[in-house]
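Chemist: Following this line is data-v6.tsv, made up of TSV, C-alpha atoms:
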chain	number	residue	atom	x	y	z
A	54	MET	CA	-31.33	25.46	-8.58
A	55	ALA	CA	-28.74	25.50	-11.37
A	56	GLY	CA	-29.49	23.58	-14.50
A	57	THR	CA	-28.30	22.85	-18.02
A	58	VAL	CA	-28.20	24.92	-21.20
A	59	PHE	CA	-28.20	23.26	-24.60
A	60	ILE	CA	-26.77	25.56	-27.26
A	61	THR	CA	-26.96	24.51	-30.89
A	62	ARG	CA	-26.40	26.09	-34.31
A	63	LYS	CA	-28.66	23.50	-36.01
A	64	PHE	CA	-32.31	23.42	-35.02
A	65	PRO	CA	-35.80	23.42	-36.58
A	66	PRO	CA	-37.45	25.00	-38.44
A	67	SER	CA	-34.26	24.60	-40.47
A	68	VAL	CA	-34.35	21.14	-42.08
A	69	GLY	CA	-31.70	18.43	-41.97
A	70	GLY	CA	-30.38	15.46	-40.06
A	71	MET	CA	-28.42	17.52	-37.54
A	72	GLU	CA	-31.45	19.74	-36.96
A	73	THR	CA	-33.65	16.71	-36.24
A	74	LEU	CA	-31.03	15.20	-33.97
A	75	ALA	CA	-30.67	18.45	-32.03
A	76	SER	CA	-34.44	18.66	-31.66
A	77	ASP	CA	-34.52	15.12	-30.26
A	78	VAL	CA	-31.65	15.87	-27.87
A	79	TRP	CA	-33.49	18.92	-26.56
A	80	ALA	CA	-36.84	17.11	-26.27
A	81	THR	CA	-35.38	14.23	-24.28
A	82	LEU	CA	-33.14	16.45	-22.14
A	83	SER	CA	-35.89	18.90	-21.21
A	84	ALA	CA	-38.36	16.09	-20.50
A	85	GLY	CA	-35.98	13.92	-18.50
A	86	ALA	CA	-33.94	16.34	-16.40
A	87	ALA	CA	-35.08	17.08	-12.86
A	88	THR	CA	-33.18	20.39	-12.91
A	89	PRO	CA	-34.00	23.44	-15.08
A	90	THR	CA	-33.09	23.28	-18.78
A	91	HIS	CA	-32.51	26.17	-21.17
A	92	LEU	CA	-32.29	26.24	-24.97
A	93	ILE	CA	-30.25	28.61	-27.12
A	94	ALA	CA	-30.78	27.59	-30.73
A	95	HIS	CA	-30.34	28.82	-34.28
A	96	GLY	CA	-33.07	27.60	-36.59
A	97	GLY	CA	-32.17	29.65	-39.65
A	98	ALA	CA	-29.83	29.56	-42.61
A	99	ASN	CA	-26.10	28.99	-42.18
A	100	ARG	CA	-25.33	32.41	-43.66
A	101	LEU	CA	-27.08	34.00	-40.66
A	102	LEU	CA	-24.90	32.23	-38.10
A	103	PRO	CA	-22.49	35.20	-37.71
A	104	LEU	CA	-25.49	37.33	-36.76
A	105	TRP	CA	-26.86	34.75	-34.30
A	106	LEU	CA	-23.64	33.81	-32.51
A	107	PRO	CA	-22.90	37.11	-30.66
A	108	GLY	CA	-26.37	37.31	-29.15
A	109	ALA	CA	-26.33	33.61	-28.31
A	110	THR	CA	-22.98	34.02	-26.56
A	111	ILE	CA	-24.28	36.94	-24.49
A	112	ARG	CA	-27.29	34.87	-23.39
A	113	LEU	CA	-25.00	31.96	-22.50
A	114	VAL	CA	-22.68	34.15	-20.43
A	115	ALA	CA	-25.63	35.72	-18.63
A	116	LEU	CA	-27.02	32.31	-17.64
A	117	VAL	CA	-23.65	31.20	-16.27
A	118	LEU	CA	-22.89	34.44	-14.40
A	119	ARG	CA	-26.37	34.52	-12.87
A	120	ARG	CA	-25.79	30.91	-11.73
A	121	LYS	CA	-28.82	29.71	-13.67
A	122	VAL	CA	-26.78	26.87	-15.19
A	123	ASP	CA	-23.79	24.82	-14.12
A	124	LEU	CA	-23.56	22.67	-17.28
A	125	VAL	CA	-23.28	23.75	-20.91
A	126	LEU	CA	-23.93	21.22	-23.69
A	127	THR	CA	-22.91	22.34	-27.19
A	128	GLY	CA	-24.76	20.81	-30.11
A	129	ASP	CA	-21.75	19.78	-32.20
A	130	VAL	CA	-17.96	19.93	-32.33
A	131	VAL	CA	-17.90	23.03	-34.56
A	132	LEU	CA	-19.77	25.05	-31.95
A	133	HIS	CA	-17.59	23.57	-29.22
A	134	LEU	CA	-14.47	24.78	-31.04
A	135	LEU	CA	-15.90	28.30	-31.13
A	136	LEU	CA	-17.04	28.39	-27.50
A	137	ALA	CA	-14.42	26.24	-25.70
A	138	PRO	CA	-12.08	29.14	-24.78
A	139	LEU	CA	-14.97	31.11	-23.30
A	140	LEU	CA	-16.34	28.11	-21.41
A	141	ARG	CA	-12.93	27.40	-19.88
A	142	LEU	CA	-12.62	31.08	-18.91
A	143	LEU	CA	-16.03	30.97	-17.23
A	144	GLY	CA	-15.02	27.83	-15.36
A	145	VAL	CA	-18.33	26.14	-16.13
A	146	ARG	CA	-18.69	22.39	-16.61
A	147	HIS	CA	-19.28	21.63	-20.28
A	148	ALA	CA	-19.69	18.82	-22.79
A	149	THR	CA	-20.29	18.59	-26.52
A	150	MET	CA	-22.27	16.42	-28.87
A	151	ALA	CA	-20.34	14.92	-31.80
A	152	MET	CA	-22.39	14.26	-34.94
A	153	GLY	CA	-19.87	12.75	-37.38
A	154	LYS	CA	-18.90	15.10	-40.15
A	155	ASP	CA	-18.17	17.78	-37.55
A	156	VAL	CA	-15.25	15.55	-36.53
A	157	VAL	CA	-13.96	14.21	-39.86
A	158	TRP	CA	-14.42	17.27	-42.11
A	159	SER	CA	-11.25	17.20	-44.19
A	160	PRO	CA	-9.84	20.75	-44.68
A	161	ALA	CA	-6.32	20.82	-43.22
A	162	TRP	CA	-6.91	24.01	-41.23
A	163	TYR	CA	-10.00	22.49	-39.58
A	164	GLN	CA	-8.20	19.30	-38.65
A	165	ARG	CA	-5.39	21.38	-37.11
A	166	VAL	CA	-7.93	23.19	-34.92
A	167	ILE	CA	-9.58	19.87	-33.99
A	168	ALA	CA	-6.18	18.44	-33.02
A	169	ARG	CA	-5.56	21.36	-30.64
A	170	VAL	CA	-9.00	21.70	-29.07
A	171	LEU	CA	-10.67	18.28	-28.97
A	172	PRO	CA	-8.05	16.66	-26.68
A	173	ARG	CA	-9.01	19.27	-24.05
A	174	ALA	CA	-12.76	18.63	-24.32
A	175	PRO	CA	-14.00	17.52	-20.89
A	176	HIS	CA	-16.75	15.27	-22.29
A	177	VAL	CA	-17.76	14.20	-25.81
A	178	LEU	CA	-21.15	12.60	-26.44
A	179	ALA	CA	-21.01	10.74	-29.75
A	180	ILE	CA	-24.18	9.77	-31.60
A	181	SER	CA	-22.73	6.41	-32.71
A	182	SER	CA	-19.82	4.07	-32.15
A	183	ALA	CA	-18.32	5.18	-35.46
A	184	THR	CA	-18.50	8.83	-34.42
A	185	ALA	CA	-16.92	7.98	-31.07
A	186	ALA	CA	-14.05	6.22	-32.84
A	187	ALA	CA	-13.57	9.25	-35.10
A	188	ALA	CA	-13.47	11.57	-32.07
A	189	VAL	CA	-10.84	9.41	-30.37
A	190	ALA	CA	-8.82	9.28	-33.59
A	191	ALA	CA	-8.97	13.09	-33.68
A	192	GLY	CA	-7.46	13.30	-30.21
A	193	ALA	CA	-10.32	13.09	-27.73
A	194	PRO	CA	-9.25	11.01	-24.70
A	195	PRO	CA	-11.21	7.70	-24.86
A	196	GLU	CA	-12.22	7.93	-21.20
A	197	ARG	CA	-13.99	11.22	-21.95
A	198	VAL	CA	-16.03	9.90	-24.87
A	199	ASP	CA	-19.45	8.28	-24.44
A	200	VAL	CA	-21.90	6.97	-27.02
A	201	VAL	CA	-25.50	8.07	-26.47
A	202	ARG	CA	-28.09	5.96	-28.23
A	203	LEU	CA	-30.42	8.32	-30.03
A	204	GLY	CA	-34.16	8.32	-29.53
A	205	VAL	CA	-36.84	9.07	-32.10
A	206	GLU	CA	-40.41	10.23	-31.66
A	207	ASP	CA	-42.70	7.23	-32.14
A	208	PRO	CA	-45.47	7.91	-34.70
A	209	GLY	CA	-47.56	5.14	-33.12
A	210	LEU	CA	-48.24	3.19	-36.32
A	211	ASP	CA	-49.12	-0.49	-36.31
A	212	ALA	CA	-49.03	-3.00	-39.18
A	213	ALA	CA	-52.61	-2.21	-40.24
A	214	ALA	CA	-51.88	1.50	-40.43
A	215	SER	CA	-48.76	0.79	-42.50
A	216	LEU	CA	-50.79	-1.27	-44.97
A	217	ALA	CA	-53.32	1.54	-45.30
A	218	ALA	CA	-50.53	4.06	-45.88
A	219	ALA	CA	-49.02	1.83	-48.57
A	220	ALA	CA	-52.37	1.60	-50.36
A	221	GLU	CA	-52.78	5.39	-50.17
A	222	LEU	CA	-49.33	5.99	-51.65
A	223	ARG	CA	-49.98	3.58	-54.52
A	224	ALA	CA	-53.32	5.16	-55.30
A	225	ALA	CA	-51.79	8.65	-55.34
A	226	THR	CA	-48.79	7.71	-57.51
A	227	GLY	CA	-50.35	5.14	-59.82
A	228	ILE	CA	-47.98	2.39	-58.68
A	229	GLY	CA	-49.48	-1.08	-59.09
A	230	ASP	CA	-50.24	-3.49	-56.27
A	231	ASP	CA	-47.78	-6.01	-57.71
A	232	GLU	CA	-44.87	-3.55	-57.59
A	233	LEU	CA	-42.35	-3.16	-54.77
A	234	VAL	CA	-41.96	0.49	-53.72
A	235	VAL	CA	-38.34	1.24	-52.75
A	236	LEU	CA	-37.56	4.65	-51.25
A	237	THR	CA	-34.52	6.76	-50.50
A	238	LEU	CA	-35.07	10.04	-48.68
A	239	GLY	CA	-32.49	12.67	-47.79
A	240	ARG	CA	-29.87	15.06	-49.14
A	241	LEU	CA	-28.35	13.92	-52.41
A	242	VAL	CA	-24.67	13.99	-51.52
A	243	ARG	CA	-22.05	11.50	-52.57
A	244	ARG	CA	-21.83	9.54	-49.32
A	245	LYS	CA	-25.54	8.66	-49.53
A	246	GLY	CA	-24.73	6.40	-52.50
A	247	VAL	CA	-27.81	7.20	-54.59
A	248	VAL	CA	-25.88	7.63	-57.85
A	249	TRP	CA	-23.96	4.41	-57.19
A	250	PHE	CA	-27.24	2.62	-56.48
A	251	LEU	CA	-28.85	3.95	-59.67
A	252	ARG	CA	-25.92	2.86	-61.84
A	253	SER	CA	-24.88	-0.38	-60.16
A	254	VAL	CA	-28.01	-1.89	-58.62
A	255	VAL	CA	-31.27	-0.61	-60.12
A	256	PRO	CA	-30.57	-1.96	-63.65
A	257	HIS	CA	-30.29	-5.47	-62.17
A	258	LEU	CA	-33.52	-5.40	-60.15
A	259	PRO	CA	-36.77	-7.09	-61.25
A	260	ALA	CA	-39.16	-5.11	-63.41
A	261	ASN	CA	-41.69	-4.84	-60.56
A	262	VAL	CA	-39.39	-2.61	-58.47
A	263	VAL	CA	-40.15	1.13	-58.49
A	264	TYR	CA	-37.51	3.38	-56.95
A	265	LEU	CA	-38.54	6.73	-55.46
A	266	VAL	CA	-35.85	9.28	-54.56
A	267	ALA	CA	-36.98	12.22	-52.43
A	268	GLY	CA	-34.44	14.95	-51.78
A	269	ASP	CA	-32.13	17.44	-53.42
A	270	GLY	CA	-28.46	18.26	-53.25
A	271	VAL	CA	-25.19	18.47	-55.14
A	272	ASP	CA	-25.59	14.94	-56.55
A	273	ALA	CA	-29.03	15.62	-58.05
A	274	PRO	CA	-27.66	16.39	-61.57
A	275	ARG	CA	-25.62	13.16	-61.51
A	276	ALA	CA	-28.69	11.22	-60.45
A	277	ARG	CA	-30.74	12.67	-63.30
A	278	ALA	CA	-27.93	11.89	-65.75
A	279	ALA	CA	-27.80	8.27	-64.57
A	280	VAL	CA	-31.55	7.84	-65.03
A	281	ASP	CA	-31.40	9.30	-68.55
A	282	GLU	CA	-28.29	7.43	-69.68
A	283	LEU	CA	-29.51	4.05	-68.44
A	284	GLY	CA	-33.11	4.49	-69.59
A	285	LEU	CA	-34.54	4.09	-66.09
A	286	GLY	CA	-37.29	6.68	-66.44
A	287	ASP	CA	-40.09	4.10	-66.19
A	288	ARG	CA	-38.67	2.60	-62.96
A	289	VAL	CA	-37.20	5.59	-61.13
A	290	ARG	CA	-38.93	8.76	-59.96
A	291	LEU	CA	-36.73	11.63	-58.81
A	292	LEU	CA	-39.10	13.67	-56.67
A	293	GLY	CA	-36.75	16.45	-55.58
A	294	ALA	CA	-37.18	18.14	-52.22
A	295	VAL	CA	-40.54	17.30	-50.65
A	296	PRO	CA	-42.53	19.03	-47.86
A	297	ASP	CA	-42.82	17.39	-44.45
A	298	ALA	CA	-46.29	15.98	-45.13
A	299	GLU	CA	-45.11	14.25	-48.31
A	300	ARG	CA	-41.97	13.02	-46.57
A	301	GLU	CA	-44.18	11.41	-43.94
A	302	ARG	CA	-46.47	9.84	-46.52
A	303	LEU	CA	-43.53	8.37	-48.42
A	304	MET	CA	-41.96	6.78	-45.34
A	305	ARG	CA	-45.29	5.37	-44.20
A	306	GLY	CA	-46.18	4.01	-47.63
A	307	ALA	CA	-42.91	2.57	-49.00
A	308	ASP	CA	-42.33	-1.17	-48.83
A	309	VAL	CA	-38.55	-0.87	-48.52
A	310	PHE	CA	-36.33	2.03	-47.46
A	311	VAL	CA	-32.76	1.87	-48.76
A	312	GLN	CA	-29.75	3.83	-47.56
A	313	PRO	CA	-26.93	2.60	-49.84
A	314	ASN	CA	-24.11	4.74	-48.43
A	315	ILE	CA	-20.57	4.52	-49.77
A	316	PRO	CA	-17.29	5.58	-48.09
A	317	VAL	CA	-16.19	9.16	-48.83
A	318	ASP	CA	-13.02	10.76	-47.45
A	319	GLY	CA	-13.73	13.72	-45.18
A	320	ASP	CA	-17.39	12.80	-44.78
A	321	MET	CA	-19.31	10.18	-42.84
A	322	GLU	CA	-22.78	9.12	-41.75
A	323	GLY	CA	-22.77	10.00	-38.08
A	324	PHE	CA	-25.86	7.93	-37.32
A	325	GLY	CA	-28.55	7.52	-39.99
A	326	LEU	CA	-31.62	8.91	-38.25
A	327	VAL	CA	-33.91	8.60	-41.26
A	328	ALA	CA	-33.35	4.82	-41.29
A	329	VAL	CA	-34.80	4.66	-37.76
A	330	GLU	CA	-37.69	6.94	-38.73
A	331	ALA	CA	-38.52	4.75	-41.73
A	332	ALA	CA	-38.40	1.51	-39.73
A	333	MET	CA	-40.71	3.00	-37.09
A	334	ARG	CA	-43.19	3.78	-39.86
A	335	GLY	CA	-43.24	0.24	-41.23
A	336	SER	CA	-40.79	0.35	-44.14
A	337	LEU	CA	-38.29	-2.50	-44.26
A	338	VAL	CA	-34.90	-0.79	-43.96
A	339	VAL	CA	-31.93	-2.01	-46.00
A	340	ALA	CA	-28.76	-0.02	-45.34
A	341	ALA	CA	-25.03	-0.15	-45.96
A	342	SER	CA	-23.02	-1.68	-43.12
A	343	LEU	CA	-20.99	1.48	-42.75
A	344	GLU	CA	-20.16	4.10	-40.09
A	345	GLY	CA	-23.09	5.27	-37.96
A	346	LEU	CA	-25.59	3.19	-39.91
A	347	ARG	CA	-24.32	0.19	-37.94
A	348	ASP	CA	-25.81	1.85	-34.83
A	349	ALA	CA	-29.00	3.03	-36.53
A	350	VAL	CA	-29.79	-0.41	-37.98
A	351	VAL	CA	-29.39	-3.60	-35.96
A	352	ASP	CA	-28.96	-6.30	-38.61
A	353	GLY	CA	-31.76	-8.85	-38.46
A	354	GLU	CA	-33.51	-7.00	-35.63
A	355	THR	CA	-34.54	-3.53	-36.87
A	356	GLY	CA	-33.41	-3.81	-40.51
A	357	LEU	CA	-30.91	-5.40	-42.85
A	358	LEU	CA	-27.27	-4.39	-43.35
A	359	LEU	CA	-25.44	-5.11	-46.61
A	360	PRO	CA	-21.82	-4.58	-47.67
A	361	PRO	CA	-21.31	-1.04	-49.02
A	362	GLY	CA	-20.49	-0.85	-52.71
A	363	ASP	CA	-21.37	-4.52	-53.41
A	364	PRO	CA	-23.83	-4.55	-56.35
A	365	ALA	CA	-24.39	-8.32	-56.24
A	366	ALA	CA	-25.33	-8.35	-52.54
A	367	TRP	CA	-27.76	-5.46	-52.97
A	368	SER	CA	-29.32	-6.81	-56.17
A	369	GLU	CA	-29.81	-10.29	-54.71
A	370	ARG	CA	-31.36	-9.13	-51.45
A	371	LEU	CA	-33.73	-6.61	-53.04
A	372	SER	CA	-34.73	-9.10	-55.72
A	373	ALA	CA	-35.64	-11.59	-52.98
A	374	LEU	CA	-37.74	-8.96	-51.21
A	375	ALA	CA	-39.53	-8.16	-54.47
A	376	ALA	CA	-40.23	-11.84	-55.13
A	377	ASP	CA	-42.25	-12.34	-51.92
A	378	ARG	CA	-43.94	-9.15	-50.86
A	379	THR	CA	-46.01	-10.89	-48.16
A	380	ALA	CA	-42.84	-12.09	-46.43
A	381	THR	CA	-41.35	-8.62	-46.87
A	382	ARG	CA	-44.32	-7.00	-45.12
A	383	GLU	CA	-44.16	-9.51	-42.27
A	384	LEU	CA	-40.45	-8.89	-41.79
A	385	ALA	CA	-40.98	-5.12	-41.85
A	386	ALA	CA	-43.69	-5.41	-39.18
A	387	ARG	CA	-41.36	-7.41	-36.92
A	388	PHE	CA	-38.55	-4.90	-37.40
A	389	GLN	CA	-40.95	-2.04	-36.69
A	390	VAL	CA	-41.82	-3.42	-33.26
A	391	GLN	CA	-38.17	-3.93	-32.32
A	392	CYS	CA	-37.17	-0.50	-33.60
A	393	ARG	CA	-39.84	1.21	-31.51
A	394	ARG	CA	-38.54	-0.54	-28.40
A	395	ARG	CA	-34.86	0.09	-29.05
A	396	TYR	CA	-35.00	3.75	-30.10
A	397	ALA	CA	-37.70	5.12	-27.82
A	398	ARG	CA	-37.12	8.73	-26.83
A	399	GLU	CA	-37.53	7.86	-23.16
A	400	ASN	CA	-34.47	5.60	-23.36
A	401	MET	CA	-32.39	8.39	-24.83
A	402	GLY	CA	-33.51	10.85	-22.16
A	403	ARG	CA	-32.47	8.57	-19.32
A	404	GLU	CA	-29.13	7.74	-20.94
A	405	LEU	CA	-28.35	11.37	-21.78
A	406	CYS	CA	-29.01	12.52	-18.22
A	407	GLN	CA	-27.01	9.63	-16.82
A	408	VAL	CA	-23.84	10.30	-18.81
A	409	LEU	CA	-24.08	14.04	-18.08
A	410	GLY	CA	-24.67	13.50	-14.37
A	411	ILE	CA	-28.02	15.28	-14.41
A	412	PRO	CA	-30.69	14.21	-11.88
A	413	VAL	CA	-33.63	12.47	-13.61
A	414	ARG	CA	-37.27	13.27	-12.97
Rewrite the coordinates I just gave you, this time as structure tokens.

Modeler:
Amino acid sequence: MAGTVFITRKFPPSVGGMETLASDVWATLSAGAATPTHLIAHGGANRLLPLWLPGATIRLVALVLRRKVDLVLTGDVVLHLLLAPLLRLLGVRHATMAMGKDVVWSPAWYQRVIARVLPRAPHVLAISSATAAAAVAAGAPPERVDVVRLGVEDPGLDAAASLAAAAELRAATGIGDDELVVLTLGRLVRRKGVVWFLRSVVPHLPANVVYLVAGDGVDAPRARAAVDELGLGDRVRLLGAVPDAERERLMRGADVFVQPNIPVDGDMEGFGLVAVEAAMRGSLVVAASLEGLRDAVVDGETGLLLPPGDPAAWSERLSALAADRTATRELAARFQVQCRRRYARENMGRELCQVLGIPVR
């Protein structure tokens, strides 16, 4: 019985949003498909990709020629661009995931390649409505583009467990019970809006707000400069890159998770997976109403969406959350329940198999 092969250049143990998304795609596909599934994945550094790709291509060709698979799913548009000529030559049915930046990356040479190849893609599976719109704008025929709602592994926390995690985080960090713990977690790149948030919002928040920033990236020096220049050292803690266990503890223990993205040409938030992860762990998510975050956060149901780049809107909302922490916890608990229902992995598995035409278990 022929099956499906998922081939991806971004996969754990390498760390990042695309790696996590690819892991979730594979988990739901392999669990949901009634036909055999195969994984060809690179979980190492980007610089090792040229060494991985030849061997991966040989494995892919062998699976197709031995009639082990009749469907190839590439993990992102970049990999699709590299493999599309071969897949057409092999005559095998194929589709590609589209993650966001892999569509809108701005170098002129890349956009020229996209304009030639993407219109011929048989099937594009976008991780959000914004990513789907970007794929169509890049030339993908609309009738060949589907949005697949992503699914996230449920940690199984309830409101009581979230309260215990919050108390543990405060005890470990010395943050007082009367303070609101606000967290941002992820790569510090411009589109994430951390520097904007530090300069335009944090100075206007109540004194009982403590802002934790976990992550590293090209914007880290600008974030440190903002903290120093504005004298925010007593209210902001730049934690740098954190291990998985600490990442988990932060998401479980924070009162509010903020993702204050701003628009950046040639870059975009394809989905906003960490916002879903945080909501499932009991943090109240406040995110910019921008790009894929509008799919990751359902305003008033799984979190709150605010206008990107609007300091007054962000300051007012976060100040209100800080003023009534009991109401904030109750709202977070309600959002947590809804988020677990909406973004269950099982839902994604069924939807992914359906759009790919794969029989379901």

Chemist: Find, counting all atoms listed in the file, the residue in A:Ala380, A:Val242, A:Pro316, A:Ala397 that gets nearest to Pro360 of chain A.

Modeler: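 Among the listed residues, the smallest separation from Pro360 of chain A belongs to A:Pro316.
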
Chemist: Place a sphere of radius 10 Å on (-43.9, 10.0, -46.5) in the file coordinates and name every protein, DNA or RNA residue with an atom inside or on its surface, counting only C-alpha atoms; give the answer as a PyMOL selection string.

Modeler: chain A and resi 218-219+222+236+238+267+295-307+331+334

Chemist: I need every residue sitting at most 12 Å from the point (-28.9, -1.5, -38.1) (coordinates as in the file, all atoms listed in the file considered), written as a VMD selection string.

Modeler: chain A and resid 181 311 to 312 324 to 329 332 337 to 359 388 391 to 392 395 to 396

Chemist: Can you spit out the residues from that selection as a tab-separated table (two decimals), in the frame of the given file, using C-alpha atoms?

Modeler:
chain	number	residue	atom	x	y	z
A	181	SER	CA	-22.73	6.41	-32.71
A	311	VAL	CA	-32.76	1.87	-48.76
A	312	GLN	CA	-29.75	3.83	-47.56
A	324	PHE	CA	-25.86	7.93	-37.32
A	325	GLY	CA	-28.55	7.52	-39.99
A	326	LEU	CA	-31.62	8.91	-38.25
A	327	VAL	CA	-33.91	8.60	-41.26
A	328	ALA	CA	-33.35	4.82	-41.29
A	329	VAL	CA	-34.80	4.66	-37.76
A	332	ALA	CA	-38.40	1.51	-39.73
A	337	LEU	CA	-38.29	-2.50	-44.26
A	338	VAL	CA	-34.90	-0.79	-43.96
A	339	VAL	CA	-31.93	-2.01	-46.00
A	340	ALA	CA	-28.76	-0.02	-45.34
A	341	ALA	CA	-25.03	-0.15	-45.96
A	342	SER	CA	-23.02	-1.68	-43.12
A	343	LEU	CA	-20.99	1.48	-42.75
A	344	GLU	CA	-20.16	4.10	-40.09
A	345	GLY	CA	-23.09	5.27	-37.96
A	346	LEU	CA	-25.59	3.19	-39.91
A	347	ARG	CA	-24.32	0.19	-37.94
A	348	ASP	CA	-25.81	1.85	-34.83
A	349	ALA	CA	-29.00	3.03	-36.53
A	350	VAL	CA	-29.79	-0.41	-37.98
A	351	VAL	CA	-29.39	-3.60	-35.96
A	352	ASP	CA	-28.96	-6.30	-38.61
A	353	GLY	CA	-31.76	-8.85	-38.46
A	354	GLU	CA	-33.51	-7.00	-35.63
A	355	THR	CA	-34.54	-3.53	-36.87
A	356	GLY	CA	-33.41	-3.81	-40.51
A	357	LEU	CA	-30.91	-5.40	-42.85
A	358	LEU	CA	-27.27	-4.39	-43.35
A	359	LEU	CA	-25.44	-5.11	-46.61
A	388	PHE	CA	-38.55	-4.90	-37.40
A	391	GLN	CA	-38.17	-3.93	-32.32
A	392	CYS	CA	-37.17	-0.50	-33.60
A	395	ARG	CA	-34.86	0.09	-29.05
A	396	TYR	CA	-35.00	3.75	-30.10

Chemist: So, counting only C-alpha atoms, which residue among A:Ala279, A:Ala187, A:Val266, A:Leu371 is closest to Arg252 of chain A?

Modeler: A:Ala279

Chemist: Counting all atoms listed in the file, which residue out of A:Gln164, A:Val408, A:Leu292, A:Arg240 sits closest to Arg197 of chain A?

Modeler: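 Checking each candidate against Arg197 of chain A, we get A:Val408 as the closest.
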
Chemist: Nearest residue to Arg398 of chain A out of A:Ala137, A:Leu203, A:Met152, A:Leu265, using all atoms listed in the file?

Modeler: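 Looking at the shortest contact to Arg398 of chain A, the residue is A:Leu203.
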
Chemist: Give me the residues within 12 Å of Pro138 of chain A as a PyMOL selection string, counting all atoms listed in the file and dropping any in the same chain fewer than 2 places off.

Modeler: chain A and resi 132-136+140-145+147+169-171+173-174

Chemist: May I ask which of the residues A:Thr110, A:Thr149, A:Thr381, A:Ser336 is the closest one to Ile93 of chain A, counting only C-alpha atoms?

Modeler: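 Looking only at the distances to Ile93 of chain A, the closest residue turns out to be A:Thr110.
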
Chemist: For each of A:Ile60, A:Ala376, A:Ala260, A:Val317, take the minimum atom-to-atom distance to Gly128 of chain A, counting only C-alpha atoms, then give the residue where this is smallest.

Modeler: A:Ile60

Chemist: If I take atom CA of Thr90 of chain A and atom CA of Arg112 of chain A, how far is one from the other in Å, to one decimal?

Modeler: 13.8 Å

Chemist: Can you tell me how far atom CA of Arg288 of chain A sits from atom CA of Val262 of chain A, in Å to one decimal?

Modeler: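 Separation between atom CA of Arg288 of chain A and atom CA of Val262 of chain A: 6.9 Å.
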
Chemist: Interatomic distance between atom CA of Val177 of chain A and atom CA of Lys154 of chain A?

Modeler: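 These two atoms are separated by 14.4 Å.
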
Chemist: Quick one: residues within 12 Å of Ala84 of chain A, all atoms listed in the file counted, chain neighbours fewer than 6 positions away excluded, as a list in words?

Modeler: Asp77, Val78, Thr90, His91, Arg398, Glu399, Asn400, Met401, Gly402, Arg403, Leu405, Cys406, Pro412, Val413 and Arg414 of chain A

Chemist: Which residues are close to Val131 of chain A, i.e. within 9 Å by all atoms listed in the file, leaving aside same-chain residues fewer than 5 positions away? Reply as an mmCIF file with C-alpha atoms, in the coordinates of the input.

Modeler:
data_model
loop_
_atom_site.group_PDB
_atom_site.id
_atom_site.type_symbol
_atom_site.label_atom_id
_atom_site.label_comp_id
_atom_site.auth_asym_id
_atom_site.auth_seq_id
_atom_site.Cartn_x
_atom_site.Cartn_y
_atom_site.Cartn_z
ATOM 1 C CA LEU A 136 -17.040 28.390 -27.500
ATOM 2 C CA ALA A 151 -20.340 14.920 -31.800
ATOM 3 C CA ASP A 155 -18.170 17.780 -37.550
ATOM 4 C CA VAL A 156 -15.250 15.550 -36.530
ATOM 5 C CA ILE A 167 -9.580 19.870 -33.990
#
